[in-house]
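Asks: The structure under discussion is supplied below as structure tokens; questions concerning it will follow.
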Amino acid sequence: MEKKEHIISILVYNKPDVLARIAGTLGGKGYNIESLSVNTTTQYEISKIVMTSIGNQATISRIENQLQRLVDVISVEDLTNVDSVHREMILVRLNMTEDKKEQIKKAIDDNQWKVIKSDENYVILEITGDKVQIDLAMARLEPLGIADITRTGLVALELKN
Amino acid sequence: MKLKGSQILLKMLEEEKVDLIFGYPGGAVLDIYDQLYKSKLKHILVRHEQGAVHAADGYARATGKVGVCLVTSGPGATNTVTGIATANMDSIPVVVFTGQVPTTLIGNDAFQESDITGITRPCTKHNFLVRSVEELAATIKEAFHIARSGRPGPVLVDLPKNVMAAETEFNPANIKIRNYDVAHKPVPKKLSQVLEMLLQAKKPLLMTGGGVILGKASDELTKLARKYQIPVTGTLMGLGSFPGTDPLWLGMLGMHGTYHANMAVSHCDLLIAVGVRFDDRVTGTIETFAPNAQIVQIDIDPSSINRNVVVELPIIGETKATLKDLIQFLAEHKYVPAKDTRQEWLTEIEQWREKVPLTYCQNGEIIKPQYVIEKLYYVTNGDVFVTTEVGQNQMWTAQFFKFNKPNTFITSGGLGTMGYGLPAAIGVKCAFPDKQVVDIAGDGSIQMNIQELATAAQYNIAVKVVLLNNGFLGMVRQWQELFYEKRYSHTDMTYAPDFVKLAEAYGVVGMRATKPAEVEKTLREAFSIDKPVLMDFRVSREECVYPIVRPGESLSEMDLGTREMIN
């Protein structure tokens, strides 16, 4: 069976060790979490976890079933085959060195990147997009000299319930 | 009413109708033990915390109720881990209360501190660290509910010492918890598919597992099999869920299954598996498991479906309710099995049974272990609870003892925990003081929790230990014989205590039999004494469990042992 990235959306009770349970369940069964994003929902006692994992359909179904067994898990949904939008975000710091300065300014203008903080020495950009867009941005940032970068896990939302 | 945490714990145990706990005191649970001192709740003092969990587990398996134990923090808590993992693998409802250092010290590497919720996260159904006395009552209620609902399992509740000493308002009527029960929904579409499959099948077979016992579905399974003349095989955990003396019963399948059970699975064209998870010891090589069959799998837990064996028709639901629905559906649709084809199938199985019956050769002056088990069945008429240790003793019991009722065969199936049988037997006997309870043991396993003889002696818990003493770690030795050219690496246990003297030292009656003629007499005498008894049966040293499906082979390719043994 074909292996691909699956986006799994999990609603959980917001308990101290719920993430440890989920990570432990997957790790203990030998499944890897590629990306992860967690926060509370409109209700503080319920959190939403969006994670991606690579596997074939059978493996992903097994992951879903294992997660569903956890007492603090409310629901598990594979968004891969559901109409949904996906976003990741990166924060990146570029150093405004003499030799790169002009190149960086031009790239910011060309790509319409959002500057969220800067002075004469550095600039911090916030870039959001789906995986493809972020990968493209990364490729364009690379030659500018990335001083530091942080990339969030993927978040996803289905178009309809 | 204002109560201390320790008082609330005991009140909640009362609310949950707990009549007995197994435990071991220590610093972090002193407040609780002080309350126990004033309470009417029965407490059995074990000699090792592992024994406490196994005893609670045995109690749970025999009664179908939740077993409870109480231990202290740190090493007391970590000693429960093997017991918890044992219960978890076999889905047994147990609630384990562990002491913990005061919340102010958690994370400080305090004396006798261990992160027991972290340690047991992968081997419990769920666990809790109670951070304040206000959440205590609801947490305990939730723990019991989780342990017994759905697919049952062990739940650990970690109780910091200061939470036990703190006071709060207690009103049991006001405790609210969320509901974990999944309502049973009949699945008529799937039932009609089962009917279709049954109509087409020439060689249907039922396979029963632990889920039938846990789901209290034995009556329904038995009814289904008998009404439609469907032969039944079972996993180790399923023994007792269908009467072992019924002609439709084929015995256990799998690595040490009977010849006819394994041949039936390998030749059936429809396999209806109920409450099983297709463990590797059951299936042999997955690719050739039930190669001609369409498989229907009924289980309460979706994670049991398609995990090992891919099935044609999964039905998720309680085993009892689903089987009930199925029986009703088949009756409404006037299902009648085709007489000729069904008879042909049963005859085919009968021929396998006759060709290679389960057997052994009891001649000469050396006791064969299988002979002891057959005599045990004969002497007790099967009216007995049987626990086992793990290894050859366990497999021979599964093969040669006939279990007619659910909850009477109590064994560590999934984890295969040596040292399980004696404390589990103590737990069973505490639940059923008027019933005979036997632990069928090996000389290796029994030494892993032999200290519990003291528990049995102290409370006169009259369990009988049938020790099949071959001076070897028999099952490992068997594998060394068969697969490692008899290189018996560290499996010789000849250096052992004199078990009779050891029993006596503990205040337990010790007996010994060295000749076949002494076996029945020894058993009868032991069962006539209302005290714990250990019977040291000196058995044939290098007896093997047959048939055996070698690892990596198909169920139809059994090694049947020597001709001498078969004839």
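Each chain in the structure tokens gets a letter, A, B, ..., in the order shown, and its residues are numbered from 1; ligands are numbered from 1 in order too.
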Check which residues of chain A sit at most 12 Å from chain B using only C-alpha atoms, and return one row each with the closest pair of atoms and their distance in Å to one decimal, ordered by chain and rising number, as a tab-separated table.

Replies:
residue	atom	partner	partner_atom	distance
A:Tyr13	CA	B:Arg178	CA	11.3
A:Lys15	CA	B:Phe128	CA	10.2
A:Pro16	CA	B:Leu129	CA	9.8
A:Asp17	CA	B:Gly118	CA	8.8
A:Val18	CA	B:Arg121	CA	10.4
A:Leu19	CA	B:Arg121	CA	11.6
A:Ala20	CA	B:Gly118	CA	8.6
A:Arg21	CA	B:Arg121	CA	6.8
A:Ile22	CA	B:Pro122	CA	10.1
A:Ala23	CA	B:Pro122	CA	10.5
A:Gly24	CA	B:Pro122	CA	6.9
A:Thr25	CA	B:Pro122	CA	6.9
A:Leu26	CA	B:Pro122	CA	10.3
A:Gly27	CA	B:Pro122	CA	10.2
A:Gly28	CA	B:Pro122	CA	7.6
A:Lys29	CA	B:Pro122	CA	10.1
A:Gln57	CA	B:Asn306	CA	11.7
A:Ala58	CA	B:Asn306	CA	8.2
A:Thr59	CA	B:Arg307	CA	9.0
A:Ile60	CA	B:Arg307	CA	11.3
A:Ser61	CA	B:Ser303	CA	8.7
A:Arg62	CA	B:Ser303	CA	6.5
A:Ile63	CA	B:Ser303	CA	8.6
A:Glu64	CA	B:Ser303	CA	8.3
A:Asn65	CA	B:Ser303	CA	4.7
A:Gln66	CA	B:Ser303	CA	5.9
A:Leu67	CA	B:Ser303	CA	9.0
A:Gln68	CA	B:Ser303	CA	8.2
A:Arg69	CA	B:Ser303	CA	7.5
A:Leu70	CA	B:His126	CA	7.4
A:Val71	CA	B:His126	CA	6.6
A:Asp72	CA	B:His126	CA	8.8
A:Val73	CA	B:Tyr180	CA	11.0
A:Ile74	CA	B:Tyr180	CA	10.3

Asks: Apply DSSP to the backbone of this structure and, from region 93-123 of chain A, keep only the residues in strand (DSSP E or B); write these as a ChimeraX atom specification.

Replies: /A:93-95,114-118,122-123

Asks: Could those selected residues go to a file with N, CA and C atoms, as a short mmCIF file (atom, residue, chain, number, x, y, z; two decimals), in the first residue's frame?

Replies:
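Heads up, here's the output in selection_25.cif:
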data_model
loop_
_atom_site.label_atom_id
_atom_site.label_comp_id
_atom_site.auth_asym_id
_atom_site.auth_seq_id
_atom_site.Cartn_x
_atom_site.Cartn_y
_atom_site.Cartn_z
N ARG A 93 14.72 34.65 11.14
CA ARG A 93 15.54 35.84 11.35
C ARG A 93 16.68 35.83 10.33
N LEU A 94 16.79 36.95 9.62
CA LEU A 94 17.87 37.11 8.65
C LEU A 94 18.78 38.22 9.16
N ASN A 95 20.06 38.02 9.05
CA ASN A 95 21.01 39.07 9.47
C ASN A 95 21.28 40.02 8.30
N LYS A 114 5.98 39.25 5.34
CA LYS A 114 5.56 40.15 6.42
C LYS A 114 6.71 40.30 7.42
N VAL A 115 7.14 41.55 7.59
CA VAL A 115 8.20 41.83 8.56
C VAL A 115 7.53 42.13 9.90
N ILE A 116 7.91 41.40 10.91
CA ILE A 116 7.26 41.68 12.20
C ILE A 116 8.19 42.38 13.18
N LYS A 117 9.48 42.38 12.90
CA LYS A 117 10.42 43.13 13.74
C LYS A 117 11.72 43.29 12.97
N SER A 118 12.34 44.46 13.13
CA SER A 118 13.62 44.63 12.43
C SER A 118 14.37 45.83 12.99
N TYR A 122 19.09 43.19 11.77
CA TYR A 122 18.35 41.96 11.46
C TYR A 122 16.93 42.29 11.02
N VAL A 123 16.26 41.25 10.49
CA VAL A 123 14.84 41.35 10.19
C VAL A 123 14.20 40.00 10.54
#

Asks: I'd like the contact shell of Val155 (chain A) - 12 Å cut-off, only C-alpha atoms, skipping same-chain residues fewer than 5 positions apart - returned as a PDB file with N, CA and C atoms, in the first residue's frame.

Replies:
ATOM      1  N   ILE A   7      -2.972  13.716   7.744  1.00  0.00           N
ATOM      2  CA  ILE A   7      -3.215  14.769   8.733  1.00  0.00           C
ATOM      3  C   ILE A   7      -4.301  14.277   9.669  1.00  0.00           C
ATOM      4  N   ILE A   8      -3.958  14.154  10.932  1.00  0.00           N
ATOM      5  CA  ILE A   8      -4.910  13.607  11.891  1.00  0.00           C
ATOM      6  C   ILE A   8      -5.287  14.700  12.889  1.00  0.00           C
ATOM      7  N   SER A   9      -6.571  14.921  13.003  1.00  0.00           N
ATOM      8  CA  SER A   9      -7.078  15.947  13.903  1.00  0.00           C
ATOM      9  C   SER A   9      -7.707  15.253  15.109  1.00  0.00           C
ATOM     10  N   ILE A  10      -7.265  15.630  16.297  1.00  0.00           N
ATOM     11  CA  ILE A  10      -7.697  14.913  17.501  1.00  0.00           C
ATOM     12  C   ILE A  10      -8.250  15.912  18.513  1.00  0.00           C
ATOM     13  N   SER A  35       4.780  16.077  12.431  1.00  0.00           N
ATOM     14  CA  SER A  35       4.540  17.458  12.830  1.00  0.00           C
ATOM     15  C   SER A  35       3.392  17.478  13.815  1.00  0.00           C
ATOM     16  N   LEU A  36       3.370  18.524  14.645  1.00  0.00           N
ATOM     17  CA  LEU A  36       2.421  18.532  15.753  1.00  0.00           C
ATOM     18  C   LEU A  36       2.018  19.954  16.080  1.00  0.00           C
ATOM     19  N   SER A  37       0.750  20.132  16.378  1.00  0.00           N
ATOM     20  CA  SER A  37       0.274  21.445  16.779  1.00  0.00           C
ATOM     21  C   SER A  37      -0.843  21.251  17.797  1.00  0.00           C
ATOM     22  N   VAL A  38      -0.763  21.950  18.916  1.00  0.00           N
ATOM     23  CA  VAL A  38      -1.727  21.756  20.004  1.00  0.00           C
ATOM     24  C   VAL A  38      -2.165  23.103  20.544  1.00  0.00           C
ATOM     25  N   ASN A  39      -3.438  23.257  20.785  1.00  0.00           N
ATOM     26  CA  ASN A  39      -3.902  24.400  21.564  1.00  0.00           C
ATOM     27  C   ASN A  39      -5.315  24.134  22.042  1.00  0.00           C
ATOM     28  N   LYS A  48      -7.388  20.877  20.826  1.00  0.00           N
ATOM     29  CA  LYS A  48      -7.313  20.226  19.525  1.00  0.00           C
ATOM     30  C   LYS A  48      -5.849  19.984  19.187  1.00  0.00           C
ATOM     31  N   ILE A  49      -5.583  18.786  18.775  1.00  0.00           N
ATOM     32  CA  ILE A  49      -4.236  18.419  18.359  1.00  0.00           C
ATOM     33  C   ILE A  49      -4.297  18.098  16.875  1.00  0.00           C
ATOM     34  N   VAL A  50      -3.427  18.718  16.091  1.00  0.00           N
ATOM     35  CA  VAL A  50      -3.329  18.324  14.692  1.00  0.00           C
ATOM     36  C   VAL A  50      -1.932  17.764  14.488  1.00  0.00           C
ATOM     37  N   MET A  51      -1.844  16.539  14.013  1.00  0.00           N
ATOM     38  CA  MET A  51      -0.524  15.967  13.795  1.00  0.00           C
ATOM     39  C   MET A  51      -0.463  15.300  12.431  1.00  0.00           C
ATOM     40  N   THR A  52       0.728  15.187  11.921  1.00  0.00           N
ATOM     41  CA  THR A  52       0.885  14.459  10.671  1.00  0.00           C
ATOM     42  C   THR A  52       1.793  13.261  10.923  1.00  0.00           C
ATOM     43  N   LEU A  79      -7.915  13.912   8.256  1.00  0.00           N
ATOM     44  CA  LEU A  79      -8.361  14.989   7.366  1.00  0.00           C
ATOM     45  C   LEU A  79      -7.791  14.853   5.956  1.00  0.00           C
ATOM     46  N   SER A  84     -10.207  20.146   3.163  1.00  0.00           N
ATOM     47  CA  SER A  84      -9.754  20.919   4.312  1.00  0.00           C
ATOM     48  C   SER A  84      -8.645  21.874   3.884  1.00  0.00           C
ATOM     49  N   VAL A  85      -8.445  22.908   4.669  1.00  0.00           N
ATOM     50  CA  VAL A  85      -7.342  23.835   4.404  1.00  0.00           C
ATOM     51  C   VAL A  85      -6.227  23.583   5.417  1.00  0.00           C
ATOM     52  N   HIS A  86      -5.003  23.803   4.962  1.00  0.00           N
ATOM     53  CA  HIS A  86      -3.837  23.490   5.789  1.00  0.00           C
ATOM     54  C   HIS A  86      -2.910  24.683   5.849  1.00  0.00           C
ATOM     55  N   ARG A  87      -2.352  24.967   6.986  1.00  0.00           N
ATOM     56  CA  ARG A  87      -1.386  26.056   7.109  1.00  0.00           C
ATOM     57  C   ARG A  87      -0.267  25.678   8.064  1.00  0.00           C
ATOM     58  N   GLU A  88       0.917  26.166   7.707  1.00  0.00           N
ATOM     59  CA  GLU A  88       2.042  26.139   8.647  1.00  0.00           C
ATOM     60  C   GLU A  88       2.554  27.568   8.728  1.00  0.00           C
ATOM     61  N   MET A  89       3.342  27.842   9.738  1.00  0.00           N
ATOM     62  CA  MET A  89       3.930  29.171   9.835  1.00  0.00           C
ATOM     63  C   MET A  89       5.405  29.035  10.180  1.00  0.00           C
ATOM     64  N   THR A 128       3.287  32.465   6.389  1.00  0.00           N
ATOM     65  CA  THR A 128       2.353  31.345   6.526  1.00  0.00           C
ATOM     66  C   THR A 128       1.990  30.809   5.149  1.00  0.00           C
ATOM     67  N   GLY A 129       1.566  29.566   5.150  1.00  0.00           N
ATOM     68  CA  GLY A 129       1.155  28.976   3.887  1.00  0.00           C
ATOM     69  C   GLY A 129       0.979  27.490   4.073  1.00  0.00           C
ATOM     70  N   ASP A 130       0.554  26.833   3.016  1.00  0.00           N
ATOM     71  CA  ASP A 130       0.482  25.380   3.132  1.00  0.00           C
ATOM     72  C   ASP A 130       1.895  24.814   2.965  1.00  0.00           C
ATOM     73  N   LYS A 131       1.993  23.539   3.062  1.00  0.00           N
ATOM     74  CA  LYS A 131       3.317  22.911   3.081  1.00  0.00           C
ATOM     75  C   LYS A 131       4.140  23.283   1.846  1.00  0.00           C
TER      76      LYS A 131
END

Asks: Do you know which residues are at most 7 Å from region 436-443 of chain B counting only C-alpha atoms, after dropping those on the same chain fewer than 2 positions away, and could you put them as a PDB file with C-alpha atoms, in the first residue's frame?

Replies:
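Saved as around-v5.pdb:
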ATOM      1  CA  VAL B 384     -12.474 -26.177  40.641  1.00  0.00           C
ATOM      2  CA  PHE B 385     -10.862 -22.866  39.796  1.00  0.00           C
ATOM      3  CA  VAL B 386      -7.517 -23.375  38.112  1.00  0.00           C
ATOM      4  CA  THR B 387      -4.766 -20.798  37.939  1.00  0.00           C
ATOM      5  CA  THR B 388      -1.451 -21.493  36.285  1.00  0.00           C
ATOM      6  CA  GLU B 389       2.034 -20.175  36.185  1.00  0.00           C
ATOM      7  CA  ASN B 393       2.588 -26.163  33.159  1.00  0.00           C
ATOM      8  CA  GLY B 421      -0.438 -18.389  39.529  1.00  0.00           C
ATOM      9  CA  LEU B 422       0.040 -18.482  43.288  1.00  0.00           C
ATOM     10  CA  ALA B 425      -5.061 -18.342  43.253  1.00  0.00           C
ATOM     11  CA  LYS B 429      -9.862 -18.259  46.914  1.00  0.00           C
ATOM     12  CA  ASP B 434     -15.995 -22.454  49.585  1.00  0.00           C
ATOM     13  CA  SER B 445       7.596 -19.984  38.084  1.00  0.00           C
ATOM     14  CA  ILE B 446       6.559 -20.843  41.616  1.00  0.00           C
ATOM     15  CA  GLN B 447       9.826 -19.443  42.947  1.00  0.00           C
ATOM     16  CA  VAL B 463      -5.203 -22.859  47.879  1.00  0.00           C
ATOM     17  CA  LYS B 464      -3.618 -26.029  46.531  1.00  0.00           C
ATOM     18  CA  VAL B 465      -0.401 -25.785  44.590  1.00  0.00           C
ATOM     19  CA  VAL B 466       0.171 -28.607  42.126  1.00  0.00           C
ATOM     20  CA  LEU B 467       3.864 -28.252  41.456  1.00  0.00           C
ATOM     21  CA  LEU B 468       5.021 -30.028  38.309  1.00  0.00           C
ATOM     22  CA  ASN B 469       8.642 -30.187  39.350  1.00  0.00           C
ATOM     23  CA  ASN B 470      10.985 -31.133  36.505  1.00  0.00           C
ATOM     24  CA  GLY B 471      14.040 -29.243  37.669  1.00  0.00           C
TER      25      GLY B 471
END

Asks: So which residues of region 46-86 of chain A fall under helix (DSSP H, G or I) by DSSP, listed as a ChimeraX atom specification?

Replies: /A:57-69

Asks: I need the chosen residues saved as a short mmCIF file (atom, residue, chain, number, x, y, z; two decimals), in the first residue's frame, with all heavy atoms.

Replies:
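What ended up in result-v5.cif:
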data_model
loop_
_atom_site.label_atom_id
_atom_site.label_comp_id
_atom_site.auth_asym_id
_atom_site.auth_seq_id
_atom_site.Cartn_x
_atom_site.Cartn_y
_atom_site.Cartn_z
N GLN A 57 -2.59 3.43 4.46
CA GLN A 57 -3.92 3.57 5.05
C GLN A 57 -4.11 2.64 6.24
O GLN A 57 -4.68 3.03 7.26
CB GLN A 57 -4.99 3.33 3.98
CG GLN A 57 -6.39 3.75 4.42
CD GLN A 57 -6.47 5.20 4.90
OE1 GLN A 57 -6.00 6.11 4.23
NE2 GLN A 57 -7.01 5.41 6.10
N ALA A 58 -3.58 1.41 6.14
CA ALA A 58 -3.77 0.45 7.22
C ALA A 58 -3.06 0.92 8.49
O ALA A 58 -3.61 0.84 9.60
CB ALA A 58 -3.24 -0.92 6.80
N THR A 59 -1.85 1.44 8.32
CA THR A 59 -1.10 1.93 9.47
C THR A 59 -1.84 3.10 10.12
O THR A 59 -1.96 3.17 11.35
CB THR A 59 0.30 2.42 9.03
OG1 THR A 59 0.91 1.39 8.28
CG2 THR A 59 1.17 2.79 10.21
N ILE A 60 -2.33 4.00 9.28
CA ILE A 60 -3.01 5.19 9.82
C ILE A 60 -4.30 4.79 10.54
O ILE A 60 -4.61 5.30 11.61
CB ILE A 60 -3.29 6.20 8.68
CG1 ILE A 60 -1.97 6.69 8.06
CG2 ILE A 60 -4.12 7.38 9.18
CD1 ILE A 60 -1.03 7.43 8.98
N SER A 61 -5.00 3.81 10.00
CA SER A 61 -6.21 3.33 10.68
C SER A 61 -5.86 2.75 12.04
O SER A 61 -6.58 2.95 13.02
CB SER A 61 -6.91 2.26 9.85
OG SER A 61 -7.27 2.78 8.61
N ARG A 62 -4.74 2.05 12.08
CA ARG A 62 -4.29 1.48 13.35
C ARG A 62 -3.98 2.59 14.35
O ARG A 62 -4.33 2.52 15.52
CB ARG A 62 -3.06 0.60 13.12
CG ARG A 62 -3.32 -0.84 13.46
CD ARG A 62 -2.14 -1.69 13.09
NE ARG A 62 -2.36 -2.29 11.79
CZ ARG A 62 -1.40 -2.65 10.96
NH1 ARG A 62 -0.14 -2.45 11.27
NH2 ARG A 62 -1.68 -3.22 9.83
N ILE A 63 -3.31 3.63 13.86
CA ILE A 63 -3.00 4.77 14.73
C ILE A 63 -4.30 5.38 15.26
O ILE A 63 -4.43 5.64 16.46
CB ILE A 63 -2.20 5.85 13.94
CG1 ILE A 63 -0.79 5.34 13.66
CG2 ILE A 63 -2.15 7.17 14.71
CD1 ILE A 63 0.09 6.32 12.88
N GLU A 64 -5.26 5.58 14.37
CA GLU A 64 -6.54 6.16 14.81
C GLU A 64 -7.18 5.31 15.89
O GLU A 64 -7.66 5.82 16.90
CB GLU A 64 -7.50 6.27 13.62
CG GLU A 64 -7.18 7.42 12.68
CD GLU A 64 -8.16 7.46 11.52
OE1 GLU A 64 -9.37 7.51 11.78
OE2 GLU A 64 -7.70 7.42 10.36
N ASN A 65 -7.19 3.98 15.68
CA ASN A 65 -7.81 3.10 16.66
C ASN A 65 -7.08 3.13 18.00
O ASN A 65 -7.70 3.10 19.05
CB ASN A 65 -7.84 1.67 16.13
CG ASN A 65 -8.91 1.49 15.06
OD1 ASN A 65 -9.88 2.22 15.04
ND2 ASN A 65 -8.71 0.54 14.17
N GLN A 66 -5.75 3.16 17.92
CA GLN A 66 -4.97 3.21 19.16
C GLN A 66 -5.28 4.49 19.92
O GLN A 66 -5.41 4.49 21.14
CB GLN A 66 -3.46 3.15 18.85
CG GLN A 66 -2.97 1.80 18.35
CD GLN A 66 -3.13 0.70 19.38
OE1 GLN A 66 -3.23 0.96 20.57
NE2 GLN A 66 -3.17 -0.53 18.93
N LEU A 67 -5.37 5.60 19.19
CA LEU A 67 -5.65 6.88 19.83
C LEU A 67 -7.06 6.89 20.42
O LEU A 67 -7.29 7.39 21.52
CB LEU A 67 -5.49 8.02 18.83
CG LEU A 67 -4.06 8.29 18.37
CD1 LEU A 67 -4.04 9.35 17.28
CD2 LEU A 67 -3.20 8.75 19.55
N GLN A 68 -7.98 6.32 19.68
CA GLN A 68 -9.37 6.29 20.12
C GLN A 68 -9.53 5.55 21.45
O GLN A 68 -10.45 5.81 22.20
CB GLN A 68 -10.21 5.62 19.03
CG GLN A 68 -11.68 5.96 19.07
CD GLN A 68 -11.97 7.32 18.47
OE1 GLN A 68 -11.77 7.52 17.29
NE2 GLN A 68 -12.42 8.25 19.29
N ARG A 69 -8.61 4.64 21.71
CA ARG A 69 -8.69 3.87 22.97
C ARG A 69 -8.37 4.71 24.19
O ARG A 69 -8.72 4.35 25.31
CB ARG A 69 -7.69 2.71 22.93
CG ARG A 69 -8.19 1.49 22.21
CD ARG A 69 -7.18 0.39 22.30
NE ARG A 69 -7.22 -0.26 23.60
CZ ARG A 69 -6.40 -1.23 23.96
NH1 ARG A 69 -5.50 -1.67 23.12
NH2 ARG A 69 -6.50 -1.79 25.14
#

Asks: Neighbours of Arg140 (chain A) within 12 Å (only C-alpha atoms; same-chain residues fewer than 3 positions away dropped), as a PyMOL selection string?

Replies: chain A and resi 103-104+106-108+110-111+113+127+133-137+143-146

Asks: Give me the residues within 8 Å of Thr235 (chain B) as a PyMOL selection string, counting only C-alpha atoms and dropping any in the same chain fewer than 4 places off.

Replies: chain B and resi 207-210+239+252-254+276+282

Asks: Need the shell around Val508 (chain B): protein/DNA/RNA residues with any atom at most 9 Å away, counting only C-alpha atoms. Skip same-chain ones fewer than 5 positions apart. Format as a PyMOL selection string?

Replies: chain B and resi 453-454+456-457+460+500+502-503+531-534

Asks: I need the residue nearest Ser6 (chain B) from this list: B:Leu20, B:Thr98, B:Glu167, B:Ala62. Use only C-alpha atoms for the distance.

Replies: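 With only C-alpha atoms as the atom set, the closest residue is B:Glu167.
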
Asks: Would you mind reading off the distance between CA of Ile140 (chain B) and CA of Met12 (chain B), one decimal, in Å?

Replies: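 These two atoms are separated by 6.9 Å.
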
Asks: Which value, in Å to one decimal, gives the distance between CA of His490 (chain B) and CA of Gly474 (chain B)?

Replies: 11.3 Å
